[in-house]
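Peer 1: One file is attached below, my_file16.txt, containing compact mmCIF, C-alpha atoms.
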```
# COMPACT_ATOMS: atom_id res chain seq x y z
CA MET A 120 -74.49 210.66 137.34
CA ARG A 121 -71.14 208.97 137.24
CA ARG A 122 -70.29 207.03 140.38
CA GLN A 123 -66.77 207.17 141.69
CA GLY A 124 -64.91 206.01 144.73
CA PRO A 125 -64.23 202.69 146.39
CA LEU A 126 -67.40 201.02 144.98
CA TYR A 127 -66.00 201.14 141.42
CA PRO A 128 -62.22 201.01 141.58
CA PRO A 129 -60.42 201.05 138.18
CA GLN A 130 -59.50 197.38 138.47
CA ARG A 131 -63.13 196.38 138.96
CA ARG A 132 -64.23 198.44 135.96
CA ALA A 133 -61.44 196.98 133.82
CA LEU A 134 -62.49 193.49 134.85
CA THR A 135 -66.10 194.16 133.86
CA ALA A 136 -64.96 195.51 130.49
CA ILE A 137 -62.74 192.47 129.97
CA ASP A 138 -65.64 190.13 130.78
CA GLY A 139 -67.81 191.96 128.24
CA ALA A 140 -65.09 191.75 125.59
CA ILE A 141 -64.63 188.01 126.22
CA ALA A 142 -68.39 187.47 125.90
CA LEU A 143 -68.37 189.33 122.57
CA LEU A 144 -65.36 187.29 121.47
CA ALA A 145 -67.24 184.09 122.27
CA VAL A 146 -70.23 185.29 120.20
CA LEU A 147 -67.95 186.07 117.21
CA LEU A 148 -66.36 182.64 117.54
CA ILE A 149 -69.75 180.90 117.58
CA VAL A 150 -70.71 182.76 114.38
CA GLN A 151 -67.39 181.71 112.84
CA ILE A 152 -67.93 178.07 113.78
CA TRP A 153 -71.38 178.19 112.23
CA LEU A 154 -69.93 179.83 109.10
CA LEU A 155 -67.31 177.12 108.69
CA THR A 156 -69.95 174.40 109.16
CA ALA A 157 -72.23 175.99 106.54
CA ALA A 158 -69.34 176.54 104.11
CA LEU A 159 -68.20 172.93 104.53
CA GLU A 160 -71.71 171.65 103.94
CA GLY A 161 -71.98 173.76 100.78
CA PHE A 162 -68.54 172.63 99.64
CA LEU A 163 -69.42 168.96 100.08
CA ALA A 164 -72.66 169.53 98.14
CA GLY A 165 -70.57 170.97 95.29
CA HIS A 166 -71.47 174.63 95.81
CA TYR A 167 -67.95 175.97 95.53
CA ARG A 168 -69.02 179.57 95.09
CA VAL A 169 -69.76 179.93 98.81
CA ALA A 170 -66.10 179.36 99.73
CA LEU A 171 -64.85 182.87 98.82
CA PRO A 172 -67.47 184.97 100.68
CA ALA A 173 -67.27 182.58 103.65
CA ALA A 174 -63.47 182.97 103.79
CA VAL A 175 -63.73 186.77 103.56
CA ILE A 176 -66.36 186.99 106.32
CA SER A 177 -64.39 184.55 108.46
CA GLY A 178 -61.31 186.76 108.01
CA VAL A 179 -63.30 189.82 109.10
CA LEU A 180 -64.56 187.95 112.16
CA PHE A 181 -61.03 186.85 112.99
CA ALA A 182 -59.86 190.46 112.69
CA GLY A 183 -62.66 191.41 115.10
CA CYS A 184 -61.54 188.72 117.53
CA TRP A 185 -57.94 189.91 117.27
CA GLY A 186 -59.05 193.50 117.89
CA LEU A 187 -60.99 192.44 120.99
CA TYR A 188 -57.98 190.50 122.21
CA ARG A 189 -55.80 193.61 121.85
CA LEU A 190 -58.48 195.56 123.70
CA ILE A 191 -58.46 192.99 126.52
CA HIS A 192 -54.66 193.23 126.65
CA GLY A 193 -54.81 197.01 126.89
CA LEU A 194 -57.55 197.02 129.53
CA ASP A 195 -55.66 194.43 131.53
CA ARG A 196 -52.46 196.41 131.44
CA ARG A 197 -54.24 199.63 132.39
CA GLY A 198 -56.17 197.89 135.18
CA ARG A 199 -52.99 196.56 136.75
CA ARG A 200 -51.34 199.99 136.95
CA MET B 123 -38.82 179.96 149.56
CA SER B 124 -35.27 180.66 148.40
CA GLY B 125 -34.44 182.73 145.35
CA GLU B 126 -33.19 179.64 143.56
CA GLN B 127 -36.52 177.84 144.05
CA GLU B 128 -38.46 180.85 142.81
CA ARG B 129 -36.37 181.01 139.67
CA GLU B 130 -36.91 177.28 139.18
CA GLN B 131 -40.66 177.80 139.43
CA GLU B 132 -40.52 180.66 136.94
CA ARG B 133 -38.82 178.38 134.45
CA GLU B 134 -41.68 175.84 134.65
CA PRO B 135 -43.60 175.71 131.38
CA LEU B 136 -47.11 177.12 131.38
CA TRP B 137 -48.76 173.83 130.47
CA ARG B 138 -47.31 172.16 133.56
CA GLU B 139 -48.81 174.86 135.72
CA GLU B 140 -52.19 174.71 133.97
CA VAL B 141 -52.50 170.95 133.54
CA SER B 142 -50.97 169.61 136.65
CA ILE B 143 -51.20 165.91 137.45
CA PHE B 144 -51.94 166.81 141.07
CA ALA B 145 -55.39 168.25 141.77
CA ALA B 146 -54.00 170.48 144.50
CA ASP B 147 -51.58 172.13 142.06
CA GLU B 148 -54.24 173.01 139.51
CA SER B 149 -54.86 176.67 138.83
CA TYR B 150 -57.63 178.31 136.89
CA VAL B 151 -57.10 179.66 133.40
CA GLY B 152 -56.92 183.43 133.53
CA ARG B 153 -59.14 185.72 131.47
CA ARG B 154 -56.28 186.77 129.24
CA GLN B 155 -55.35 183.16 128.51
CA PHE B 156 -58.97 182.24 127.85
CA ALA B 157 -59.21 185.16 125.42
CA LYS B 158 -56.03 183.95 123.73
CA PHE B 159 -57.54 180.47 123.41
CA LEU B 160 -60.68 181.95 121.80
CA VAL B 161 -58.60 184.00 119.34
CA LEU B 162 -56.51 180.96 118.38
CA THR B 163 -59.70 178.96 117.80
CA SER B 164 -60.96 181.82 115.65
CA LEU B 165 -57.71 181.65 113.67
CA GLY B 166 -58.33 177.92 113.22
CA MET B 167 -61.82 178.59 111.85
CA PHE B 168 -60.39 181.16 109.43
CA ALA B 169 -57.72 178.68 108.34
CA GLY B 170 -60.46 176.09 107.74
CA ASN B 171 -62.35 178.51 105.50
CA LEU B 172 -59.13 179.31 103.60
CA TRP B 173 -58.54 175.59 103.14
CA LEU B 174 -62.04 175.19 101.66
CA LEU B 175 -61.32 178.11 99.34
CA ALA B 176 -58.03 176.55 98.25
CA LYS B 177 -59.73 173.21 97.58
CA SER B 178 -62.53 174.76 95.51
CA PRO B 179 -61.98 174.29 91.78
CA ALA B 180 -61.25 177.32 89.63
CA PRO B 181 -64.42 178.98 88.30
CA ARG B 182 -63.26 178.55 84.69
CA LEU B 183 -63.13 174.86 83.94
CA PRO B 184 -61.06 173.39 81.13
CA ALA B 185 -62.57 172.34 77.80
CA VAL B 186 -62.09 168.60 77.43
CA PRO B 187 -63.08 166.59 74.34
CA VAL B 188 -65.40 163.78 75.41
CA ALA B 189 -66.40 161.89 72.30
CA ARG B 190 -66.93 162.09 68.57
CA LEU B 191 -70.52 162.61 67.48
CA GLU B 192 -70.90 159.26 65.78
CA GLU B 193 -68.92 157.36 68.36
CA LEU B 194 -72.02 156.45 70.39
CA PRO B 195 -75.11 154.70 69.04
CA VAL B 196 -78.55 155.90 70.19
CA GLY B 197 -78.93 154.65 73.78
CA GLY B 198 -75.16 154.39 74.08
CA VAL B 199 -73.18 155.58 77.10
CA LYS B 200 -69.59 156.66 77.55
CA ALA B 201 -67.86 157.14 80.90
CA PHE B 202 -65.36 159.96 81.28
CA SER B 203 -63.89 162.15 84.02
CA TYR B 204 -64.55 165.88 84.31
CA PRO B 205 -63.30 168.33 85.51
CA GLY B 206 -60.73 166.27 87.43
CA PRO B 207 -59.65 162.65 87.18
CA ASN B 208 -61.66 161.83 90.32
CA ASP B 209 -64.96 163.20 88.99
CA PRO B 210 -66.62 160.37 87.08
CA CYS B 211 -69.25 161.39 84.52
CA LEU B 212 -71.53 159.75 81.98
CA LEU B 213 -72.21 160.88 78.43
CA VAL B 214 -75.53 159.54 77.13
CA ARG B 215 -76.86 159.67 73.60
CA TYR B 216 -80.56 159.32 74.31
CA ALA B 217 -81.90 160.28 70.88
CA SER B 218 -80.43 160.45 67.42
CA ASP B 219 -79.66 164.15 67.82
CA ARG B 220 -79.53 164.50 71.62
CA TRP B 221 -76.62 164.03 74.01
CA ALA B 222 -76.41 164.79 77.71
CA ALA B 223 -73.64 164.37 80.26
CA TYR B 224 -73.93 164.19 84.05
CA SER B 225 -71.81 163.57 87.07
CA GLN B 226 -72.00 159.88 87.86
CA LYS B 227 -72.23 160.48 91.62
CA CYS B 228 -75.77 160.22 92.95
CA THR B 229 -76.71 163.35 94.93
CA HIS B 230 -78.02 161.14 97.73
CA LEU B 231 -74.98 159.17 98.91
CA SER B 232 -72.64 159.34 95.90
CA CYS B 233 -73.30 155.85 94.52
CA ALA B 234 -72.49 155.50 90.82
CA VAL B 235 -75.58 156.02 88.65
CA TYR B 236 -76.07 154.18 85.37
CA TYR B 237 -78.22 154.78 82.30
CA ALA B 238 -81.26 152.51 82.08
CA ALA B 239 -81.90 152.68 78.33
CA GLU B 240 -85.22 150.81 78.47
CA SER B 241 -86.77 153.42 80.76
CA ARG B 242 -84.61 156.32 79.50
CA ARG B 243 -83.65 157.24 83.04
CA LEU B 244 -80.45 157.49 85.04
CA ALA B 245 -80.77 155.09 87.94
CA CYS B 246 -78.97 154.76 91.24
CA PRO B 247 -78.85 151.09 92.29
CA CYS B 248 -78.18 151.77 95.98
CA HIS B 249 -81.48 153.35 97.04
CA HIS B 250 -83.46 153.31 93.80
CA GLY B 251 -83.15 156.95 92.97
CA PHE B 252 -84.02 157.91 89.39
CA PHE B 253 -83.10 161.00 87.36
CA ALA B 254 -84.47 162.25 84.04
CA VAL B 255 -81.95 161.82 81.27
CA GLU B 256 -83.11 165.03 79.57
CA ASP B 257 -82.22 167.43 82.39
CA GLY B 258 -81.03 165.39 85.38
CA ARG B 259 -84.01 166.26 87.62
CA VAL B 260 -85.02 163.82 90.34
CA LEU B 261 -87.90 161.58 89.25
CA GLN B 262 -88.08 159.21 92.17
CA GLY B 263 -86.30 158.15 95.33
CA PRO B 264 -84.25 159.86 98.03
CA PRO B 265 -81.81 162.09 96.04
CA PRO B 266 -82.30 165.67 97.25
CA ARG B 267 -80.94 167.48 94.18
CA PRO B 268 -80.68 167.02 90.41
CA LEU B 269 -77.55 165.41 89.04
CA PRO B 270 -74.83 167.98 88.29
CA ARG B 271 -74.91 168.48 84.55
CA ILE B 272 -71.80 168.71 82.40
CA ALA B 273 -72.13 171.53 79.88
CA LEU B 274 -71.35 170.23 76.38
CA GLU B 275 -70.38 172.11 73.25
CA ARG B 276 -70.27 170.75 69.75
CA ARG B 277 -66.97 171.60 68.07
CA GLY B 278 -66.76 170.10 64.61
CA ASP B 279 -67.50 166.43 64.96
CA ARG B 280 -66.60 166.37 68.63
CA LEU B 281 -68.48 166.93 71.87
CA VAL B 282 -66.46 168.97 74.33
CA ALA B 283 -67.14 169.32 78.08
CA VAL B 284 -66.84 172.99 79.03
CA GLY B 285 -68.36 173.35 82.50
CA VAL B 286 -70.47 171.94 85.31
CA ASP B 287 -73.98 173.09 86.16
CA LEU B 288 -74.74 172.00 89.71
CA GLN B 289 -78.44 172.79 89.49
CA GLY B 290 -79.02 170.59 86.46
CA GLY B 291 -81.29 171.70 83.61
CA GLY B 292 -80.00 173.81 80.72
CA ASP B 293 -79.74 172.95 77.04
CA GLU B 294 -78.42 169.64 75.97
CA ALA B 295 -76.09 169.26 73.03
CA ARG B 296 -77.92 168.51 69.82
CA THR B 297 -77.08 168.40 66.16
```
Could you write out this structure as structure tokens?
Peer 2:
Amino acid sequence: MRRQGPLYPPQRRALTAIDGAIALLAVLLIVQIWLLTAALEGFLAGHYRVALPAAVISGVLFAGCWGLYRLIHGLDRRGRR
Amino acid sequence: MSGEQEREQEREPLWREEVSIFAADESYVGRRQFAKFLVLTSLGMFAGNLWLLAKSPAPRLPAVPVARLEELPVGGVKAFSYPGPNDPCLLVRYASDRWAAYSQKCTHLSCAVYYAAESRRLACPCHHGFFAVEDGRVLQGPPPRPLPRIALERRGDRLVAVGVDLQGGGDEART
């Protein structure tokens, strides 16, 4: 059953969603930091072939981060109305 | 507060508001700003990966003549650079019909290796690492990986470097 009323005002729900999105963003960023570290280690060991897939995956993760940021922006704007 | 003062405060840059020199004036970073910071850091990570990609050498390496076949005596060594001018390598003629070329950087801490003809091994003087001259594998010491091997081709009376095999091994050039 969906609860409504003063216990869960729209602002509160938006804030919870924003917190969740920020947590997900932090997880994506940690994966990206690990990816860069691994790619750098491979690069320094002379394994240049890892650079292309690492860059592609990093780009996808960045796109995910950007998408989450837009989501946070939208939720924020809606929550303030 | 007058309208003029409010406008003055609005004109204050964000950093002054966030990083005030007075503890009492400090304010917390908002969620939206924190998210922006995370996204910018993510962009930095992506840029770092693109930089690594840009610095990686092209998969097809140039063919560079290294030496003439009879230029080296058996047990002789010739230093050259491949694929770039900052990649020192060694060409070794370790038998009358066998040549092998390796990167001169030890895989431990990048000291310059040399060919010890009496023991037919490539030796690193820094930490006494030894590599087999036949395939570059580690024989002794701290190096974690074989020496990167330069792929050689015989073209006429010349030996030509055509690629780098990071895992070592492979066929050596022979007559």
Peer 1: So, counting all atoms listed in the file, which residue among B:Ile272, B:Arg280, B:Pro264, B:Glu256 is closest to B:Phe202?
Peer 2: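 Closest candidate: B:Ile272.
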Peer 1: List as a ChimeraX atom specification the residues having at least one atom at most 12 Å from position (-65.8, 163.5, 87.7) as given in the file, counting only C-alpha atoms.
Peer 2: /A:165 /B:201-213,223-228,232,234,269-272,283,285-286
Peer 1: Out of B:Ala254, B:Leu183, B:Ala222, B:Leu288, which residue has the shortest atom-to-atom distance to chain A when counting all atoms listed in the file?
Peer 2: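 Using all atoms listed in the file, chain A sits closest to B:Leu288.
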Peer 1: Extract, using only C-alpha atoms, all DNA, RNA and protein residues at most 6 Å from stretch 165-180 of chain B, discarding same-chain residues fewer than 3 positions from it, and format them as a PyMOL selection string.
Peer 2: (chain A and resi 167+170-171+174+177-178) or (chain B and resi 162)
Peer 1: Nearest residue to B:Leu231 out of A:Cys184, A:Val169, A:Ile137, A:Leu163, using only C-alpha atoms?
Peer 2: A:Leu163
Peer 1: Taking all atoms listed in the file into account, name the residue in B:Val235, B:Val255, B:Ala245, B:Val260 that is nearest to B:Tyr216.
Peer 2: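 Under the stated criterion, the closest residue is B:Val255.
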Peer 1: Compute the set of chain A residues within 10 Å of chain B, using all atoms listed in the file, and express it as an mmCIF file with C-alpha atoms, in the frame of the given file.
Peer 2:
```cif
data_model
loop_
_atom_site.group_PDB
_atom_site.id
_atom_site.type_symbol
_atom_site.label_atom_id
_atom_site.label_comp_id
_atom_site.auth_asym_id
_atom_site.auth_seq_id
_atom_site.Cartn_x
_atom_site.Cartn_y
_atom_site.Cartn_z
ATOM 1 C CA LEU A 134 -62.490 193.490 134.850
ATOM 2 C CA ILE A 137 -62.740 192.470 129.970
ATOM 3 C CA ASP A 138 -65.640 190.130 130.780
ATOM 4 C CA ALA A 140 -65.090 191.750 125.590
ATOM 5 C CA ILE A 141 -64.630 188.010 126.220
ATOM 6 C CA ALA A 142 -68.390 187.470 125.900
ATOM 7 C CA LEU A 144 -65.360 187.290 121.470
ATOM 8 C CA ALA A 145 -67.240 184.090 122.270
ATOM 9 C CA LEU A 147 -67.950 186.070 117.210
ATOM 10 C CA LEU A 148 -66.360 182.640 117.540
ATOM 11 C CA ILE A 149 -69.750 180.900 117.580
ATOM 12 C CA VAL A 150 -70.710 182.760 114.380
ATOM 13 C CA GLN A 151 -67.390 181.710 112.840
ATOM 14 C CA ILE A 152 -67.930 178.070 113.780
ATOM 15 C CA TRP A 153 -71.380 178.190 112.230
ATOM 16 C CA LEU A 154 -69.930 179.830 109.100
ATOM 17 C CA LEU A 155 -67.310 177.120 108.690
ATOM 18 C CA THR A 156 -69.950 174.400 109.160
ATOM 19 C CA ALA A 158 -69.340 176.540 104.110
ATOM 20 C CA LEU A 159 -68.200 172.930 104.530
ATOM 21 C CA PHE A 162 -68.540 172.630 99.640
ATOM 22 C CA LEU A 163 -69.420 168.960 100.080
ATOM 23 C CA ALA A 164 -72.660 169.530 98.140
ATOM 24 C CA GLY A 165 -70.570 170.970 95.290
ATOM 25 C CA HIS A 166 -71.470 174.630 95.810
ATOM 26 C CA TYR A 167 -67.950 175.970 95.530
ATOM 27 C CA ARG A 168 -69.020 179.570 95.090
ATOM 28 C CA VAL A 169 -69.760 179.930 98.810
ATOM 29 C CA ALA A 170 -66.100 179.360 99.730
ATOM 30 C CA LEU A 171 -64.850 182.870 98.820
ATOM 31 C CA PRO A 172 -67.470 184.970 100.680
ATOM 32 C CA ALA A 173 -67.270 182.580 103.650
ATOM 33 C CA ALA A 174 -63.470 182.970 103.790
ATOM 34 C CA VAL A 175 -63.730 186.770 103.560
ATOM 35 C CA ILE A 176 -66.360 186.990 106.320
ATOM 36 C CA SER A 177 -64.390 184.550 108.460
ATOM 37 C CA GLY A 178 -61.310 186.760 108.010
ATOM 38 C CA VAL A 179 -63.300 189.820 109.100
ATOM 39 C CA LEU A 180 -64.560 187.950 112.160
ATOM 40 C CA PHE A 181 -61.030 186.850 112.990
ATOM 41 C CA ALA A 182 -59.860 190.460 112.690
ATOM 42 C CA GLY A 183 -62.660 191.410 115.100
ATOM 43 C CA CYS A 184 -61.540 188.720 117.530
ATOM 44 C CA TRP A 185 -57.940 189.910 117.270
ATOM 45 C CA GLY A 186 -59.050 193.500 117.890
ATOM 46 C CA LEU A 187 -60.990 192.440 120.990
ATOM 47 C CA TYR A 188 -57.980 190.500 122.210
ATOM 48 C CA ARG A 189 -55.800 193.610 121.850
ATOM 49 C CA ILE A 191 -58.460 192.990 126.520
ATOM 50 C CA HIS A 192 -54.660 193.230 126.650
ATOM 51 C CA ASP A 195 -55.660 194.430 131.530
#
```
Peer 1: Using Å and a single decimal, report how far atom CA of B:Phe253 sits from atom CA of B:Pro184.
Peer 2: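 About the pair atom CA of B:Pro184 and atom CA of B:Phe253: they are 26.0 Å apart.
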Peer 1: Padding 8 Å on each side, edges along x, y and z: where is the centre of the box around the listed atoms of stretch 162-173 of chain A, and how long are its edges in Å to one decimal? Output it as JSON.
Peer 2:
```
{"center_x": -68.8, "center_y": 177.0, "center_z": 99.4, "size_x": 23.8, "size_y": 32.0, "size_z": 24.6}
```
Peer 1: Name all residues at most 6 Å from B:Val282 (count only C-alpha atoms; drop same-chain ones fewer than 2 positions away) and give them as a list of chain:residue names.
Peer 2: B:Val186, B:Pro187, B:Val188, B:Leu274, B:Glu275
Peer 1: Any chance you could export stretch 228-249 of chain B with N, CA, C and O atoms, as a short mmCIF file (atom, residue, chain, number, x, y, z; two decimals), in the first residue's frame?
Peer 2:
```cif
data_model
loop_
_atom_site.label_atom_id
_atom_site.label_comp_id
_atom_site.auth_asym_id
_atom_site.auth_seq_id
_atom_site.Cartn_x
_atom_site.Cartn_y
_atom_site.Cartn_z
N CYS B 228 65.18 -3.83 -17.85
CA CYS B 228 64.83 -4.97 -17.00
C CYS B 228 63.37 -4.82 -16.55
O CYS B 228 62.91 -3.72 -16.24
N THR B 229 62.63 -5.93 -16.51
CA THR B 229 61.22 -5.86 -16.12
C THR B 229 61.04 -5.69 -14.61
O THR B 229 59.91 -5.59 -14.14
N HIS B 230 62.15 -5.66 -13.88
CA HIS B 230 62.05 -5.42 -12.43
C HIS B 230 61.96 -3.93 -12.17
O HIS B 230 60.90 -3.41 -11.86
N LEU B 231 63.08 -3.21 -12.35
CA LEU B 231 63.08 -1.77 -12.09
C LEU B 231 63.72 -0.98 -13.23
O LEU B 231 64.25 0.11 -13.01
N SER B 232 63.68 -1.55 -14.43
CA SER B 232 64.09 -0.85 -15.65
C SER B 232 65.58 -0.52 -15.73
O SER B 232 65.97 0.39 -16.46
N CYS B 233 66.43 -1.23 -14.99
CA CYS B 233 67.88 -1.07 -15.20
C CYS B 233 68.23 -1.62 -16.59
O CYS B 233 67.49 -2.44 -17.14
N ALA B 234 69.35 -1.17 -17.12
CA ALA B 234 69.76 -1.64 -18.45
C ALA B 234 70.41 -3.02 -18.33
O ALA B 234 71.36 -3.20 -17.57
N VAL B 235 69.88 -4.00 -19.05
CA VAL B 235 70.47 -5.34 -19.03
C VAL B 235 71.61 -5.40 -20.05
O VAL B 235 71.68 -4.59 -20.98
N TYR B 236 72.51 -6.34 -19.86
CA TYR B 236 73.60 -6.54 -20.81
C TYR B 236 73.73 -8.03 -21.11
O TYR B 236 73.20 -8.87 -20.38
N TYR B 237 74.41 -8.35 -22.20
CA TYR B 237 74.57 -9.76 -22.57
C TYR B 237 75.86 -10.30 -21.98
O TYR B 237 76.95 -9.78 -22.26
N ALA B 238 75.74 -11.31 -21.13
CA ALA B 238 76.91 -11.98 -20.56
C ALA B 238 77.23 -13.17 -21.46
O ALA B 238 76.59 -14.22 -21.36
N ALA B 239 78.20 -12.97 -22.37
CA ALA B 239 78.46 -13.99 -23.40
C ALA B 239 78.95 -15.30 -22.79
O ALA B 239 78.64 -16.38 -23.31
N GLU B 240 79.72 -15.20 -21.69
CA GLU B 240 80.29 -16.42 -21.11
C GLU B 240 79.22 -17.35 -20.56
O GLU B 240 79.36 -18.58 -20.60
N SER B 241 78.12 -16.77 -20.05
CA SER B 241 77.04 -17.62 -19.52
C SER B 241 75.84 -17.67 -20.46
O SER B 241 74.84 -18.30 -20.14
N ARG B 242 75.96 -16.97 -21.60
CA ARG B 242 74.86 -16.89 -22.59
C ARG B 242 73.54 -16.48 -21.94
O ARG B 242 72.50 -17.09 -22.16
N ARG B 243 73.63 -15.45 -21.10
CA ARG B 243 72.41 -14.95 -20.47
C ARG B 243 72.39 -13.42 -20.55
O ARG B 243 73.44 -12.79 -20.67
N LEU B 244 71.20 -12.86 -20.48
CA LEU B 244 71.09 -11.41 -20.35
C LEU B 244 71.01 -11.12 -18.86
O LEU B 244 70.22 -11.74 -18.15
N ALA B 245 71.86 -10.22 -18.40
CA ALA B 245 71.97 -10.00 -16.96
C ALA B 245 71.63 -8.57 -16.61
O ALA B 245 71.93 -7.63 -17.35
N CYS B 246 70.96 -8.42 -15.47
CA CYS B 246 70.68 -7.08 -14.95
C CYS B 246 71.63 -6.86 -13.77
O CYS B 246 71.59 -7.61 -12.79
N PRO B 247 72.49 -5.85 -13.84
CA PRO B 247 73.49 -5.66 -12.78
C PRO B 247 72.92 -5.10 -11.48
O PRO B 247 73.56 -5.19 -10.44
N CYS B 248 71.74 -4.53 -11.53
CA CYS B 248 71.20 -3.85 -10.32
C CYS B 248 70.83 -4.84 -9.23
O CYS B 248 71.21 -4.68 -8.07
N HIS B 249 70.03 -5.86 -9.60
CA HIS B 249 69.56 -6.81 -8.58
C HIS B 249 69.80 -8.25 -8.99
O HIS B 249 69.09 -9.15 -8.54
#
```
